[in-house]
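Asks: Here it is, the structure, as structure tokens.
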Amino acid sequence: MRTKFVAICSTLAVLIGLSLYTVVHAQTAGMARHEPHMSAALGHLEQAKAELEKAAPNKGGHRERSMQLVDQALQQVQEEEVYYEQHGPGR
């Protein structure tokens, strides 16, 4: 019961933090202009990575795997920005 409560509270804290981060921080001006949702996603992913790094590493390897997946997602968002700069909108 206690573990479930802690998990729910942790999830809520991360979601609230991610929401606040999006409101307060704009990413690159170019990305925010041409694709505000990708900009928001980048901010969410950076915040998720920061939270995962602060979490205790006693999760049976799931924390580490989550960090790897967040890194992959960050890379994809950054590649989208490069693609947009090279090809322009709508391609």
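Chain labels A, B, ... are given in the sequence in which chains occur in the structure tokens; within each chain residues are numbered consecutively from 1, and ligands are likewise numbered from 1 in the order shown.
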Near range 51-66 of chain A, counting only C-alpha atoms, which residues have an atom at most 12 Å away, once you skip same-chain residues fewer than 2 positions from it, shown as a list of chain:residue names?

Replies: A:Ala7, A:Ser10, A:Thr11, A:Ala13, A:Val14, A:Leu15, A:Ile16, A:Gly17, A:Leu18, A:His44, A:Leu45, A:Glu46, A:Gln47, A:Ala48, A:Lys49, A:Gln68, A:Leu69, A:Val70, A:Asp71, A:Gln72, A:Ala73

Asks: Restricted to N, CA and C atoms, what would the selected residues look like written as an mmCIF file, in the first residue's frame?

Replies:
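Ended up saving to part_13.cif:
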data_model
loop_
_atom_site.group_PDB
_atom_site.id
_atom_site.type_symbol
_atom_site.label_atom_id
_atom_site.label_comp_id
_atom_site.auth_asym_id
_atom_site.auth_seq_id
_atom_site.Cartn_x
_atom_site.Cartn_y
_atom_site.Cartn_z
ATOM 1 N N ALA A 7 4.454 5.710 -5.325
ATOM 2 C CA ALA A 7 4.515 5.715 -6.789
ATOM 3 C C ALA A 7 3.541 6.739 -7.365
ATOM 4 N N SER A 10 4.877 10.238 -6.631
ATOM 5 C CA SER A 10 6.031 10.522 -7.491
ATOM 6 C C SER A 10 5.589 10.857 -8.904
ATOM 7 N N THR A 11 4.648 10.095 -9.421
ATOM 8 C CA THR A 11 4.130 10.345 -10.768
ATOM 9 C C THR A 11 3.481 11.716 -10.853
ATOM 10 N N ALA A 13 4.090 14.300 -8.973
ATOM 11 C CA ALA A 13 5.134 15.323 -8.851
ATOM 12 C C ALA A 13 5.842 15.542 -10.180
ATOM 13 N N VAL A 14 6.147 14.461 -10.882
ATOM 14 C CA VAL A 14 6.809 14.585 -12.182
ATOM 15 C C VAL A 14 5.893 15.289 -13.180
ATOM 16 N N LEU A 15 4.627 14.904 -13.214
ATOM 17 C CA LEU A 15 3.692 15.529 -14.156
ATOM 18 C C LEU A 15 3.502 17.014 -13.868
ATOM 19 N N ILE A 16 3.399 17.374 -12.615
ATOM 20 C CA ILE A 16 3.265 18.791 -12.263
ATOM 21 C C ILE A 16 4.535 19.540 -12.646
ATOM 22 N N GLY A 17 5.675 18.950 -12.351
ATOM 23 C CA GLY A 17 6.944 19.580 -12.721
ATOM 24 C C GLY A 17 7.080 19.773 -14.214
ATOM 25 N N LEU A 18 6.676 18.772 -14.972
ATOM 26 C CA LEU A 18 6.746 18.877 -16.427
ATOM 27 C C LEU A 18 5.826 19.974 -16.944
ATOM 28 N N HIS A 44 9.652 18.692 -21.822
ATOM 29 C CA HIS A 44 9.173 17.585 -20.988
ATOM 30 C C HIS A 44 10.232 16.494 -20.872
ATOM 31 N N LEU A 45 10.856 16.172 -21.983
ATOM 32 C CA LEU A 45 11.875 15.120 -21.971
ATOM 33 C C LEU A 45 13.085 15.522 -21.138
ATOM 34 N N GLU A 46 13.505 16.769 -21.245
ATOM 35 C CA GLU A 46 14.643 17.236 -20.436
ATOM 36 C C GLU A 46 14.300 17.188 -18.950
ATOM 37 N N GLN A 47 13.086 17.561 -18.608
ATOM 38 C CA GLN A 47 12.661 17.505 -17.209
ATOM 39 C C GLN A 47 12.564 16.055 -16.731
ATOM 40 N N ALA A 48 12.042 15.174 -17.568
ATOM 41 C CA ALA A 48 11.952 13.758 -17.209
ATOM 42 C C ALA A 48 13.340 13.185 -16.959
ATOM 43 N N LYS A 49 14.286 13.541 -17.809
ATOM 44 C CA LYS A 49 15.657 13.061 -17.627
ATOM 45 C C LYS A 49 16.226 13.544 -16.307
ATOM 46 N N GLN A 68 17.726 5.715 -20.762
ATOM 47 C CA GLN A 68 18.177 5.454 -22.131
ATOM 48 C C GLN A 68 17.087 5.820 -23.139
ATOM 49 N N LEU A 69 15.860 5.457 -22.833
ATOM 50 C CA LEU A 69 14.757 5.750 -23.748
ATOM 51 C C LEU A 69 14.491 7.253 -23.851
ATOM 52 N N VAL A 70 14.621 7.967 -22.736
ATOM 53 C CA VAL A 70 14.455 9.418 -22.768
ATOM 54 C C VAL A 70 15.569 10.035 -23.612
ATOM 55 N N ASP A 71 16.793 9.526 -23.473
ATOM 56 C CA ASP A 71 17.898 10.026 -24.300
ATOM 57 C C ASP A 71 17.615 9.797 -25.791
ATOM 58 N N GLN A 72 17.065 8.628 -26.135
ATOM 59 C CA GLN A 72 16.715 8.348 -27.531
ATOM 60 C C GLN A 72 15.641 9.309 -28.024
ATOM 61 N N ALA A 73 14.650 9.570 -27.189
ATOM 62 C CA ALA A 73 13.583 10.498 -27.571
ATOM 63 C C ALA A 73 14.127 11.913 -27.739
#

Asks: Taking into account only C-alpha atoms, which residue in the set A:Val82, A:Ile8, A:Val77, A:Met67 is nearest to Ala40 in chain A?

Replies: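 Among the listed residues, the smallest separation from Ala40 in chain A belongs to A:Val77.
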
Asks: Can you measure CA of Pro89 in chain A to CA of Glu35 in chain A for me? One decimal in Å is fine.

Replies: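 We find that CA of Pro89 in chain A and CA of Glu35 in chain A lie 9.5 Å from each other.
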
Asks: One number please: CA of Glu80 in chain A to CA of His37 in chain A, in Å, one decimal.

Replies: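 Those two atoms sit 12.1 Å apart.
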
Asks: To one decimal place in Å, what is the distance between CA of Leu74 in chain A and CA of Ser39 in chain A?

Replies: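 Value for the CA of Leu74 in chain A-CA of Ser39 in chain A distance: 10.9 Å.
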